[in-house]
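Participant: This one is start_15.cif, mmCIF, C-alpha atoms, pLDDT in the B column; chains and numbers go by the auth columns.
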```
data_protein
loop_
_atom_site.group_PDB
_atom_site.id
_atom_site.type_symbol
_atom_site.label_atom_id
_atom_site.label_comp_id
_atom_site.label_asym_id
_atom_site.label_seq_id
_atom_site.Cartn_x
_atom_site.Cartn_y
_atom_site.Cartn_z
_atom_site.B_iso_or_equiv
_atom_site.auth_seq_id
_atom_site.auth_asym_id
ATOM 1 C CA MET A 1 -13.392 -1.981 9.881 93.00 75 Y
ATOM 2 C CA ARG A 2 -10.899 -0.476 12.314 96.00 76 Y
ATOM 3 C CA ASP A 3 -7.674 1.224 11.275 97.00 77 Y
ATOM 4 C CA LEU A 4 -4.151 -0.045 11.758 98.00 78 Y
ATOM 5 C CA ILE A 5 -1.964 2.810 13.017 98.00 79 Y
ATOM 6 C CA LEU A 6 1.819 2.575 12.979 98.00 80 Y
ATOM 7 C CA LYS A 7 3.157 4.722 15.818 96.00 81 Y
ATOM 8 C CA MET A 8 6.897 5.316 15.718 94.00 82 Y
ATOM 9 C CA SER A 9 9.418 7.779 17.077 93.00 83 Y
ATOM 10 C CA ILE A 10 11.805 8.815 14.346 93.00 84 Y
ATOM 11 C CA SER A 11 14.842 11.073 13.979 93.00 85 Y
ATOM 12 C CA ILE A 12 14.671 14.085 11.663 94.00 86 Y
ATOM 13 C CA ASP A 13 16.780 12.138 9.168 93.00 87 Y
ATOM 14 C CA GLY A 14 14.353 9.202 9.117 92.00 88 Y
ATOM 15 C CA PHE A 15 15.853 6.619 11.474 93.00 89 Y
ATOM 16 C CA VAL A 16 13.965 4.728 14.187 92.00 90 Y
ATOM 17 C CA SER A 17 17.140 3.590 15.950 88.00 91 Y
ATOM 18 C CA ASP A 18 20.890 3.778 15.665 82.00 92 Y
ATOM 19 C CA PRO A 19 22.744 1.025 13.718 81.00 93 Y
ATOM 20 C CA ASP A 20 22.899 -1.154 16.861 80.00 94 Y
ATOM 21 C CA GLY A 21 19.158 -0.907 17.470 76.00 95 Y
ATOM 22 C CA ARG A 22 19.460 1.516 20.390 77.00 96 Y
ATOM 23 C CA ASN A 23 16.970 4.362 20.683 79.00 97 Y
ATOM 24 C CA ALA A 24 17.677 6.155 23.964 78.00 98 Y
ATOM 25 C CA TRP A 25 17.734 9.427 21.990 78.00 99 Y
ATOM 26 C CA MET A 26 13.937 9.366 21.590 77.00 100 Y
ATOM 27 C CA PHE A 27 13.099 9.494 25.287 66.00 101 Y
ATOM 28 C CA GLY A 28 13.621 13.175 26.005 74.00 102 Y
ATOM 29 C CA THR A 29 12.307 15.235 28.896 79.00 103 Y
ATOM 30 C CA ASP A 30 9.447 16.948 27.036 87.00 104 Y
ATOM 31 C CA GLN A 31 6.493 16.164 29.315 90.00 105 Y
ATOM 32 C CA GLU A 32 3.951 17.580 26.861 93.00 106 Y
ATOM 33 C CA ALA A 33 5.154 15.242 24.086 93.00 107 Y
ATOM 34 C CA LYS A 34 5.121 12.326 26.514 92.00 108 Y
ATOM 35 C CA ALA A 35 1.565 13.137 27.638 94.00 109 Y
ATOM 36 C CA TRP A 36 0.474 13.325 23.987 95.00 110 Y
ATOM 37 C CA SER A 37 2.071 9.915 23.367 94.00 111 Y
ATOM 38 C CA VAL A 38 0.297 8.386 26.371 96.00 112 Y
ATOM 39 C CA GLU A 39 -3.028 9.806 25.165 96.00 113 Y
ATOM 40 C CA THR A 40 -2.347 8.338 21.724 97.00 114 Y
ATOM 41 C CA LEU A 41 -1.654 4.916 23.249 97.00 115 Y
ATOM 42 C CA TRP A 42 -4.957 5.051 25.158 97.00 116 Y
ATOM 43 C CA SER A 43 -6.789 5.523 21.839 97.00 117 Y
ATOM 44 C CA ALA A 44 -5.978 1.926 20.864 98.00 118 Y
ATOM 45 C CA GLY A 45 -8.179 -1.100 21.271 98.00 119 Y
ATOM 46 C CA LEU A 46 -5.232 -3.412 20.576 98.00 120 Y
ATOM 47 C CA HIS A 47 -1.438 -3.116 20.582 98.00 121 Y
ATOM 48 C CA ILE A 48 0.417 -5.305 18.084 98.00 122 Y
ATOM 49 C CA MET A 49 4.126 -5.996 17.740 96.00 123 Y
ATOM 50 C CA GLY A 50 6.714 -8.444 16.507 94.00 124 Y
ATOM 51 C CA SER A 51 8.186 -11.145 18.737 92.00 125 Y
ATOM 52 C CA ARG A 52 11.442 -9.375 19.724 91.00 126 Y
ATOM 53 C CA THR A 53 9.637 -6.199 20.727 92.00 127 Y
ATOM 54 C CA PHE A 54 7.029 -8.272 22.563 94.00 128 Y
ATOM 55 C CA ARG A 55 9.710 -10.063 24.603 92.00 129 Y
ATOM 56 C CA ASP A 56 11.404 -6.785 25.505 91.00 130 Y
ATOM 57 C CA MET A 57 8.149 -5.057 26.439 93.00 131 Y
ATOM 58 C CA ALA A 58 6.773 -8.048 28.368 93.00 132 Y
ATOM 59 C CA ALA A 59 9.951 -7.999 30.455 91.00 133 Y
ATOM 60 C CA TYR A 60 9.616 -4.280 31.205 92.00 134 Y
ATOM 61 C CA TRP A 61 6.065 -2.897 31.288 93.00 135 Y
ATOM 62 C CA PRO A 62 4.361 -5.227 33.827 93.00 136 Y
ATOM 63 C CA THR A 63 6.413 -3.781 36.710 92.00 137 Y
ATOM 64 C CA SER A 64 7.109 -0.315 35.334 92.00 138 Y
ATOM 65 C CA THR A 65 5.714 2.791 37.010 93.00 139 Y
ATOM 66 C CA ASP A 66 6.500 4.914 33.939 92.00 140 Y
ATOM 67 C CA MET A 67 3.638 7.069 32.616 93.00 141 Y
ATOM 68 C CA PHE A 68 3.403 4.795 29.537 94.00 142 Y
ATOM 69 C CA ALA A 69 2.852 1.658 31.648 95.00 143 Y
ATOM 70 C CA PRO A 70 -0.933 1.877 32.223 96.00 144 Y
ATOM 71 C CA PRO A 71 -1.946 1.871 28.524 97.00 145 Y
ATOM 72 C CA MET A 72 0.822 -0.581 27.641 96.00 146 Y
ATOM 73 C CA ASN A 73 -0.363 -3.018 30.322 96.00 147 Y
ATOM 74 C CA ARG A 74 -4.137 -2.590 30.247 96.00 148 Y
ATOM 75 C CA ILE A 75 -4.828 -2.630 26.509 97.00 149 Y
ATOM 76 C CA PRO A 76 -4.952 -6.112 24.932 97.00 150 Y
ATOM 77 C CA LYS A 77 -2.024 -7.222 22.797 97.00 151 Y
ATOM 78 C CA ALA A 78 -1.284 -9.386 19.791 96.00 152 Y
ATOM 79 C CA VAL A 79 2.188 -10.681 19.034 96.00 153 Y
ATOM 80 C CA PHE A 80 3.271 -11.821 15.585 95.00 154 Y
ATOM 81 C CA SER A 81 5.473 -14.866 16.028 92.00 155 Y
ATOM 82 C CA ARG A 82 6.324 -18.022 14.134 87.00 156 Y
ATOM 83 C CA GLN A 83 6.905 -19.707 17.525 84.00 157 Y
ATOM 84 C CA GLY A 84 3.194 -19.843 18.213 83.00 158 Y
ATOM 85 C CA PRO A 85 2.080 -19.832 21.870 85.00 159 Y
ATOM 86 C CA ALA A 86 5.639 -20.573 23.064 82.00 160 Y
ATOM 87 C CA ILE A 87 6.319 -16.828 22.791 85.00 161 Y
ATOM 88 C CA LEU A 88 4.106 -16.318 25.857 85.00 162 Y
ATOM 89 C CA THR A 89 6.099 -18.625 28.136 76.00 163 Y
ATOM 90 C CA ASN A 90 8.478 -17.320 30.744 56.00 164 Y
ATOM 91 C CA ASP A 91 11.970 -17.793 29.326 53.00 165 Y
ATOM 92 C CA GLY A 92 13.794 -16.111 32.175 49.00 166 Y
ATOM 93 C CA ASN A 93 13.119 -12.689 30.685 55.00 167 Y
ATOM 94 C CA ALA A 94 9.966 -12.007 32.657 58.00 168 Y
ATOM 95 C CA ALA A 95 9.418 -8.827 34.600 62.00 169 Y
ATOM 96 C CA THR A 96 10.490 -8.823 38.218 68.00 170 Y
ATOM 97 C CA GLY A 97 9.016 -6.594 40.890 75.00 171 Y
ATOM 98 C CA GLN A 98 5.555 -5.370 41.842 84.00 172 Y
ATOM 99 C CA MET A 99 3.109 -6.235 39.066 86.00 173 Y
ATOM 100 C CA GLN A 100 1.038 -3.289 37.836 87.00 174 Y
ATOM 101 C CA THR A 101 -2.687 -3.317 37.051 87.00 175 Y
ATOM 102 C CA GLY A 102 -3.304 -5.052 33.733 84.00 176 Y
ATOM 103 C CA ALA A 103 0.100 -6.775 33.638 84.00 177 Y
ATOM 104 C CA GLU A 104 -1.564 -10.137 33.018 91.00 178 Y
ATOM 105 C CA SER A 105 -2.460 -8.943 29.513 91.00 179 Y
ATOM 106 C CA TRP A 106 1.075 -9.834 28.358 94.00 180 Y
ATOM 107 C CA ALA A 107 0.564 -13.518 29.212 91.00 181 Y
ATOM 108 C CA GLU A 108 -2.897 -13.406 27.596 93.00 182 Y
ATOM 109 C CA ALA A 109 -1.769 -11.865 24.276 95.00 183 Y
ATOM 110 C CA TYR A 110 -3.228 -13.180 21.042 95.00 184 Y
ATOM 111 C CA VAL A 111 -0.498 -15.003 19.120 95.00 185 Y
ATOM 112 C CA ALA A 112 -0.716 -14.363 15.379 95.00 186 Y
ATOM 113 C CA SER A 113 1.267 -17.025 13.536 93.00 187 Y
ATOM 114 C CA GLY A 114 -0.481 -17.031 10.169 93.00 188 Y
ATOM 115 C CA SER A 115 0.339 -14.851 7.196 95.00 189 Y
ATOM 116 C CA LEU A 116 0.784 -11.186 8.094 96.00 190 Y
ATOM 117 C CA ALA A 117 -1.848 -9.932 5.647 97.00 191 Y
ATOM 118 C CA GLU A 118 -4.470 -12.495 6.742 97.00 192 Y
ATOM 119 C CA GLU A 119 -3.882 -11.943 10.451 97.00 193 Y
ATOM 120 C CA ILE A 120 -4.077 -8.157 10.055 98.00 194 Y
ATOM 121 C CA ALA A 121 -7.268 -8.440 7.980 98.00 195 Y
ATOM 122 C CA ASP A 122 -8.813 -10.579 10.733 97.00 196 Y
ATOM 123 C CA LEU A 123 -7.801 -8.134 13.486 98.00 197 Y
ATOM 124 C CA LYS A 124 -9.065 -5.142 11.500 98.00 198 Y
ATOM 125 C CA ALA A 125 -12.431 -6.840 10.942 97.00 199 Y
ATOM 126 C CA ARG A 126 -13.069 -7.161 14.690 96.00 200 Y
ATOM 127 C CA ASP A 127 -15.047 -4.531 16.558 95.00 201 Y
ATOM 128 C CA GLY A 128 -13.244 -1.992 18.644 96.00 202 Y
ATOM 129 C CA LYS A 129 -10.977 0.998 18.685 98.00 203 Y
ATOM 130 C CA PRO A 130 -8.004 1.251 16.282 98.00 204 Y
ATOM 131 C CA ILE A 131 -5.000 -1.051 16.348 98.00 205 Y
ATOM 132 C CA ILE A 132 -1.646 0.521 17.191 98.00 206 Y
ATOM 133 C CA ALA A 133 1.449 -1.235 15.869 98.00 207 Y
ATOM 134 C CA HIS A 134 4.787 -0.860 17.634 93.00 208 Y
ATOM 135 C CA GLY A 135 8.208 -1.706 16.168 80.00 209 Y
ATOM 136 C CA GLY A 136 10.751 -3.224 15.860 86.00 210 Y
ATOM 137 C CA VAL A 137 11.774 -1.850 12.584 91.00 211 Y
ATOM 138 C CA GLY A 138 11.573 -5.205 10.759 92.00 212 Y
ATOM 139 C CA PHE A 139 7.952 -5.727 11.795 95.00 213 Y
ATOM 140 C CA ALA A 140 7.074 -2.114 10.949 95.00 214 Y
ATOM 141 C CA ARG A 141 8.731 -2.374 7.523 94.00 215 Y
ATOM 142 C CA SER A 142 6.749 -5.548 6.800 95.00 216 Y
ATOM 143 C CA LEU A 143 3.484 -3.773 7.598 96.00 217 Y
ATOM 144 C CA VAL A 144 4.463 -0.868 5.321 95.00 218 Y
ATOM 145 C CA ALA A 145 5.697 -3.125 2.494 92.00 219 Y
ATOM 146 C CA GLU A 146 2.412 -5.052 2.426 94.00 220 Y
ATOM 147 C CA GLY A 147 0.321 -1.872 2.435 94.00 221 Y
ATOM 148 C CA LEU A 148 -1.381 -2.763 5.713 96.00 222 Y
ATOM 149 C CA VAL A 149 -0.944 0.582 7.512 97.00 223 Y
ATOM 150 C CA ASP A 150 -3.912 2.964 7.340 97.00 224 Y
ATOM 151 C CA GLN A 151 -2.372 5.749 9.382 97.00 225 Y
ATOM 152 C CA PHE A 152 1.158 6.743 10.426 97.00 226 Y
ATOM 153 C CA ILE A 153 1.737 8.574 13.698 97.00 227 Y
ATOM 154 C CA LEU A 154 5.344 9.720 13.654 96.00 228 Y
ATOM 155 C CA LEU A 155 6.872 11.582 16.566 95.00 229 Y
ATOM 156 C CA VAL A 156 9.845 13.297 14.957 95.00 230 Y
ATOM 157 C CA ALA A 157 12.558 13.911 17.554 93.00 231 Y
ATOM 158 C CA PRO A 158 14.851 16.930 17.190 93.00 232 Y
ATOM 159 C CA VAL A 159 17.939 14.799 16.597 91.00 233 Y
ATOM 160 C CA ALA A 160 19.867 13.721 13.494 92.00 234 Y
ATOM 161 C CA LEU A 161 21.545 10.322 13.813 91.00 235 Y
ATOM 162 C CA GLY A 162 23.489 10.311 10.541 93.00 236 Y
ATOM 163 C CA ASN A 163 22.903 6.599 10.089 92.00 237 Y
ATOM 164 C CA GLY A 164 20.801 3.857 11.595 92.00 238 Y
ATOM 165 C CA LEU A 165 17.750 1.771 10.847 91.00 239 Y
ATOM 166 C CA PRO A 166 15.273 3.598 8.583 92.00 240 Y
ATOM 167 C CA LEU A 167 11.552 2.928 8.640 91.00 241 Y
ATOM 168 C CA PHE A 168 10.896 3.487 4.955 91.00 242 Y
ATOM 169 C CA SER A 169 13.544 1.399 3.228 88.00 243 Y
ATOM 170 C CA GLY A 170 13.153 -1.125 0.474 83.00 244 Y
ATOM 171 C CA LEU A 171 9.872 0.295 -0.822 86.00 245 Y
ATOM 172 C CA ALA A 172 8.917 -1.063 -4.238 87.00 246 Y
ATOM 173 C CA ALA A 173 7.633 2.409 -5.205 89.00 247 Y
ATOM 174 C CA PRO A 174 7.282 5.814 -3.551 90.00 248 Y
ATOM 175 C CA LYS A 175 4.621 5.797 -0.823 91.00 249 Y
ATOM 176 C CA ARG A 176 2.324 8.811 -0.980 93.00 250 Y
ATOM 177 C CA LEU A 177 0.925 10.034 2.323 96.00 251 Y
ATOM 178 C CA LYS A 178 -1.631 12.708 3.210 97.00 252 Y
ATOM 179 C CA LEU A 179 -0.855 14.886 6.237 98.00 253 Y
ATOM 180 C CA LEU A 180 -3.805 14.895 8.658 98.00 254 Y
ATOM 181 C CA SER A 181 -2.277 16.913 11.475 97.00 255 Y
ATOM 182 C CA SER A 182 0.960 18.255 12.859 98.00 256 Y
ATOM 183 C CA ARG A 183 1.779 19.401 16.380 97.00 257 Y
ATOM 184 C CA ALA A 184 4.995 20.894 17.701 97.00 258 Y
ATOM 185 C CA PHE A 185 6.010 20.375 21.335 96.00 259 Y
ATOM 186 C CA PRO A 186 8.089 22.670 23.579 94.00 260 Y
ATOM 187 C CA GLY A 187 11.107 20.336 23.521 92.00 261 Y
ATOM 188 C CA GLY A 188 11.314 20.446 19.721 93.00 262 Y
ATOM 189 C CA ALA A 189 9.599 17.161 18.828 93.00 263 Y
ATOM 190 C CA VAL A 190 6.858 17.298 16.190 96.00 264 Y
ATOM 191 C CA ALA A 191 3.971 14.842 15.965 96.00 265 Y
ATOM 192 C CA GLN A 192 2.966 14.199 12.367 97.00 266 Y
ATOM 193 C CA VAL A 193 -0.113 12.146 11.545 98.00 267 Y
ATOM 194 C CA TYR A 194 -0.472 10.849 7.997 98.00 268 Y
ATOM 195 C CA ARG A 195 -3.004 8.705 6.191 97.00 269 Y
ATOM 196 C CA ALA A 196 -2.043 6.414 3.348 86.00 270 Y
ATOM 197 C CA ALA A 197 -3.006 8.297 0.168 84.00 271 Y
#
```
Could you write out this structure as structure tokens?

Facilitator:
Amino acid sequence: MRDLILKMSISIDGFVSDPDGRNAWMFGTDQEAKAWSVETLWSAGLHIMGSRTFRDMAAYWPTSTDMFAPPMNRIPKAVFSRQGPAILTNDGNAATGQMQTGAESWAEAYVASGSLAEEIADLKARDGKPIIAHGGVGFARSLVAEGLVDQFILLVAPVALGNGLPLFSGLAAPKRLKLLSSRAFPGGAVAQVYRAA
């Protein structure tokens, strides 16, 4: 059975975005941290995300020349949506410009519209490399609340937001984690990898 990894950038005070959902603060200039993040993305056999994040990413990554674009485009995707296959249709939010290699994977994404726990169990049971889950925060919180995350990869940015959208809110009980590794980058970010205890 393959692991489900939740990969998130997070502020030192525990927020994944500001109160309005913006997260420009996480995209610093630390090339070593960015290279580590790209390498982490390449370790996935599947990228999963909620419908809002899927729409935003499907409108951006297919034509992006950013260093994150190759793994984001070439690795298969699953989108969790109650809309069913309609989520894959062009609603005027599609990427415009030169399509990058692998961009078709967005239109070919698996649409998971069943219960979260059942869909995740099915995806985990398939052969392949680990699954990496991307936010938004609502989708990530749902994965955490249902105990579906095997590993947390948190890139802690050297910024305090003061308020915003926390990842670990509304937990029924404290969630114990075991630190597997930690790596500091020149720009001050720290990658922390935890396993559910």

Participant: Using only C-alpha atoms for the distances, tell me which of Y:Pro136, Y:Gly119, Y:Gly176, Y:Gly171 is nearest to Ala207 (chain Y).

Facilitator: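 Under the stated criterion, the closest residue is Y:Gly119.
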
Participant: For the point (9.5, 13.2, 16.4) in the file's frame, write as an mmCIF file with C-alpha atoms, in the coordinates of the input all residues with an atom no more than 12 Å away, counting all atoms listed in the file.

Facilitator:
```cif
data_model
loop_
_atom_site.group_PDB
_atom_site.id
_atom_site.type_symbol
_atom_site.label_atom_id
_atom_site.label_comp_id
_atom_site.auth_asym_id
_atom_site.auth_seq_id
_atom_site.Cartn_x
_atom_site.Cartn_y
_atom_site.Cartn_z
ATOM 1 C CA LYS Y 81 3.157 4.722 15.818
ATOM 2 C CA MET Y 82 6.897 5.316 15.718
ATOM 3 C CA SER Y 83 9.418 7.779 17.077
ATOM 4 C CA ILE Y 84 11.805 8.815 14.346
ATOM 5 C CA SER Y 85 14.842 11.073 13.979
ATOM 6 C CA ILE Y 86 14.671 14.085 11.663
ATOM 7 C CA ASP Y 87 16.780 12.138 9.168
ATOM 8 C CA GLY Y 88 14.353 9.202 9.117
ATOM 9 C CA PHE Y 89 15.853 6.619 11.474
ATOM 10 C CA VAL Y 90 13.965 4.728 14.187
ATOM 11 C CA TRP Y 99 17.734 9.427 21.990
ATOM 12 C CA MET Y 100 13.937 9.366 21.590
ATOM 13 C CA PHE Y 101 13.099 9.494 25.287
ATOM 14 C CA GLY Y 102 13.621 13.175 26.005
ATOM 15 C CA ASP Y 104 9.447 16.948 27.036
ATOM 16 C CA ALA Y 107 5.154 15.242 24.086
ATOM 17 C CA LYS Y 108 5.121 12.326 26.514
ATOM 18 C CA TRP Y 110 0.474 13.325 23.987
ATOM 19 C CA SER Y 111 2.071 9.915 23.367
ATOM 20 C CA ILE Y 227 1.737 8.574 13.698
ATOM 21 C CA LEU Y 228 5.344 9.720 13.654
ATOM 22 C CA LEU Y 229 6.872 11.582 16.566
ATOM 23 C CA VAL Y 230 9.845 13.297 14.957
ATOM 24 C CA ALA Y 231 12.558 13.911 17.554
ATOM 25 C CA PRO Y 232 14.851 16.930 17.190
ATOM 26 C CA VAL Y 233 17.939 14.799 16.597
ATOM 27 C CA ALA Y 234 19.867 13.721 13.494
ATOM 28 C CA SER Y 256 0.960 18.255 12.859
ATOM 29 C CA ARG Y 257 1.779 19.401 16.380
ATOM 30 C CA ALA Y 258 4.995 20.894 17.701
ATOM 31 C CA PHE Y 259 6.010 20.375 21.335
ATOM 32 C CA PRO Y 260 8.089 22.670 23.579
ATOM 33 C CA GLY Y 261 11.107 20.336 23.521
ATOM 34 C CA GLY Y 262 11.314 20.446 19.721
ATOM 35 C CA ALA Y 263 9.599 17.161 18.828
ATOM 36 C CA VAL Y 264 6.858 17.298 16.190
ATOM 37 C CA ALA Y 265 3.971 14.842 15.965
ATOM 38 C CA GLN Y 266 2.966 14.199 12.367
ATOM 39 C CA VAL Y 267 -0.113 12.146 11.545
#
```

Participant: If you count only C-alpha atoms, which residues fall within 12 Å of region 178-190 of chain Y, apart from same-chain ones fewer than 6 positions away, as JSON, numbers by chain?

Facilitator: {"Y": [120, 121, 122, 123, 124, 125, 128, 129, 130, 131, 132, 133, 134, 135, 136, 137, 144, 145, 146, 147, 148, 149, 150, 151, 152, 153, 154, 155, 156, 157, 158, 159, 160, 161, 162, 163, 164, 168, 169, 196, 197, 213, 214, 215, 216, 217, 218, 219, 220, 221, 222, 223]}

Participant: If I take CA of Thr139 (chain Y) and CA of Met173 (chain Y), how far is one from the other in Å, to one decimal?

Facilitator: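 A separation of 9.6 Å between them.
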
Participant: May I ask for the distance between CA of Ala98 (chain Y) and CA of Gly238 (chain Y), given in Å to one decimal place?

Facilitator: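 Rounded to one decimal, the two atoms are 13.0 Å apart.
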
Participant: Would you work out the distance separating CA of Met75 (chain Y) from CA of Gly202 (chain Y), expressed in Å to one decimal?

Facilitator: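 It comes out at 8.8 Å.
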
Participant: Please evaluate the PyMOL selection byres ((chain Y and resi 251) around 12) against the structure above and give the resulting residues as a list in words.

Facilitator: Val218, Gly221, Val223, Asp224, Gln225, Phe226, Ile227, Pro248, Lys249, Arg250, Lys252, Leu253, Leu254, Ser255, Gln266, Val267, Tyr268, Arg269, Ala270 and Ala271 of chain Y

Participant: Taking the file as I've supplied it (selection: the PyMOL selection byres ((chain Y and resi 76) around 7)), which residues are included? Please answer as a list in words.

Facilitator: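 On this input, the PyMOL selection byres ((chain Y and resi 76) around 7) captures Met75, Asp77, Leu78, Lys198, Ala199, Gly202, Lys203 and Pro204 of chain Y.
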
Participant: Please complete region 228-254 of chain Y with N, CA and C atoms and give it back as a PDB file, in the coordinates of the input.

Facilitator:
```pdb
ATOM      1  N   LEU Y 228       3.892   9.625  13.521  1.00 96.00           N
ATOM      2  CA  LEU Y 228       5.344   9.720  13.654  1.00 96.00           C
ATOM      3  C   LEU Y 228       5.683  10.871  14.595  1.00 96.00           C
ATOM      4  N   LEU Y 229       6.390  10.551  15.662  1.00 95.00           N
ATOM      5  CA  LEU Y 229       6.872  11.582  16.566  1.00 95.00           C
ATOM      6  C   LEU Y 229       8.321  11.847  16.176  1.00 95.00           C
ATOM      7  N   VAL Y 230       8.529  12.951  15.491  1.00 95.00           N
ATOM      8  CA  VAL Y 230       9.845  13.297  14.957  1.00 95.00           C
ATOM      9  C   VAL Y 230      10.645  14.013  16.049  1.00 95.00           C
ATOM     10  N   ALA Y 231      11.717  13.356  16.492  1.00 93.00           N
ATOM     11  CA  ALA Y 231      12.558  13.911  17.554  1.00 93.00           C
ATOM     12  C   ALA Y 231      13.559  14.892  16.960  1.00 93.00           C
ATOM     13  N   PRO Y 232      13.913  15.928  17.697  1.00 93.00           N
ATOM     14  CA  PRO Y 232      14.851  16.930  17.190  1.00 93.00           C
ATOM     15  C   PRO Y 232      16.296  16.453  17.297  1.00 93.00           C
ATOM     16  N   VAL Y 233      16.590  15.361  16.598  1.00 91.00           N
ATOM     17  CA  VAL Y 233      17.939  14.799  16.597  1.00 91.00           C
ATOM     18  C   VAL Y 233      18.212  14.189  15.221  1.00 91.00           C
ATOM     19  N   ALA Y 234      19.427  14.375  14.733  1.00 92.00           N
ATOM     20  CA  ALA Y 234      19.867  13.721  13.494  1.00 92.00           C
ATOM     21  C   ALA Y 234      20.876  12.651  13.895  1.00 92.00           C
ATOM     22  N   LEU Y 235      20.659  11.430  13.449  1.00 91.00           N
ATOM     23  CA  LEU Y 235      21.545  10.322  13.813  1.00 91.00           C
ATOM     24  C   LEU Y 235      22.668  10.104  12.798  1.00 91.00           C
ATOM     25  N   GLY Y 236      22.457  10.511  11.563  1.00 93.00           N
ATOM     26  CA  GLY Y 236      23.489  10.311  10.541  1.00 93.00           C
ATOM     27  C   GLY Y 236      23.420   8.956   9.875  1.00 93.00           C
ATOM     28  N   ASN Y 237      23.152   7.929  10.640  1.00 92.00           N
ATOM     29  CA  ASN Y 237      22.903   6.599  10.089  1.00 92.00           C
ATOM     30  C   ASN Y 237      22.141   5.788  11.123  1.00 92.00           C
ATOM     31  N   GLY Y 238      21.605   4.681  10.701  1.00 92.00           N
ATOM     32  CA  GLY Y 238      20.801   3.857  11.595  1.00 92.00           C
ATOM     33  C   GLY Y 238      19.843   2.996  10.810  1.00 92.00           C
ATOM     34  N   LEU Y 239      18.751   2.639  11.463  1.00 91.00           N
ATOM     35  CA  LEU Y 239      17.750   1.771  10.847  1.00 91.00           C
ATOM     36  C   LEU Y 239      16.563   2.625  10.397  1.00 91.00           C
ATOM     37  N   PRO Y 240      16.379   2.779   9.079  1.00 92.00           N
ATOM     38  CA  PRO Y 240      15.273   3.598   8.583  1.00 92.00           C
ATOM     39  C   PRO Y 240      13.962   2.819   8.573  1.00 92.00           C
ATOM     40  N   LEU Y 241      12.868   3.546   8.723  1.00 91.00           N
ATOM     41  CA  LEU Y 241      11.552   2.928   8.640  1.00 91.00           C
ATOM     42  C   LEU Y 241      11.177   2.638   7.196  1.00 91.00           C
ATOM     43  N   PHE Y 242      11.348   3.616   6.336  1.00 91.00           N
ATOM     44  CA  PHE Y 242      10.896   3.487   4.955  1.00 91.00           C
ATOM     45  C   PHE Y 242      12.059   3.102   4.048  1.00 91.00           C
ATOM     46  N   SER Y 243      12.491   1.868   4.136  1.00 88.00           N
ATOM     47  CA  SER Y 243      13.544   1.399   3.228  1.00 88.00           C
ATOM     48  C   SER Y 243      13.019   0.199   2.455  1.00 88.00           C
ATOM     49  N   GLY Y 244      13.547   0.024   1.279  1.00 83.00           N
ATOM     50  CA  GLY Y 244      13.153  -1.125   0.474  1.00 83.00           C
ATOM     51  C   GLY Y 244      11.752  -1.036  -0.102  1.00 83.00           C
ATOM     52  N   LEU Y 245      11.197   0.166  -0.222  1.00 86.00           N
ATOM     53  CA  LEU Y 245       9.872   0.295  -0.822  1.00 86.00           C
ATOM     54  C   LEU Y 245       9.942  -0.022  -2.314  1.00 86.00           C
ATOM     55  N   ALA Y 246       8.961  -0.728  -2.812  1.00 87.00           N
ATOM     56  CA  ALA Y 246       8.917  -1.063  -4.238  1.00 87.00           C
ATOM     57  C   ALA Y 246       8.651   0.176  -5.089  1.00 87.00           C
ATOM     58  N   ALA Y 247       7.967   1.153  -4.506  1.00 89.00           N
ATOM     59  CA  ALA Y 247       7.633   2.409  -5.205  1.00 89.00           C
ATOM     60  C   ALA Y 247       7.452   3.488  -4.146  1.00 89.00           C
ATOM     61  N   PRO Y 248       7.524   4.754  -4.528  1.00 90.00           N
ATOM     62  CA  PRO Y 248       7.282   5.814  -3.551  1.00 90.00           C
ATOM     63  C   PRO Y 248       5.923   5.642  -2.881  1.00 90.00           C
ATOM     64  N   LYS Y 249       5.869   5.921  -1.593  1.00 91.00           N
ATOM     65  CA  LYS Y 249       4.621   5.797  -0.823  1.00 91.00           C
ATOM     66  C   LYS Y 249       4.083   7.194  -0.563  1.00 91.00           C
ATOM     67  N   ARG Y 250       2.954   7.506  -1.157  1.00 93.00           N
ATOM     68  CA  ARG Y 250       2.324   8.811  -0.980  1.00 93.00           C
ATOM     69  C   ARG Y 250       1.498   8.809   0.305  1.00 93.00           C
ATOM     70  N   LEU Y 251       1.655   9.891   1.080  1.00 96.00           N
ATOM     71  CA  LEU Y 251       0.925  10.034   2.323  1.00 96.00           C
ATOM     72  C   LEU Y 251       0.231  11.390   2.351  1.00 96.00           C
ATOM     73  N   LYS Y 252      -0.898  11.451   3.053  1.00 97.00           N
ATOM     74  CA  LYS Y 252      -1.631  12.708   3.210  1.00 97.00           C
ATOM     75  C   LYS Y 252      -1.512  13.145   4.665  1.00 97.00           C
ATOM     76  N   LEU Y 253      -1.006  14.362   4.890  1.00 98.00           N
ATOM     77  CA  LEU Y 253      -0.855  14.886   6.237  1.00 98.00           C
ATOM     78  C   LEU Y 253      -2.229  15.215   6.817  1.00 98.00           C
ATOM     79  N   LEU Y 254      -2.535  14.616   7.980  1.00 98.00           N
ATOM     80  CA  LEU Y 254      -3.805  14.895   8.658  1.00 98.00           C
ATOM     81  C   LEU Y 254      -3.645  15.962   9.729  1.00 98.00           C
TER      82      LEU Y 254
END
```
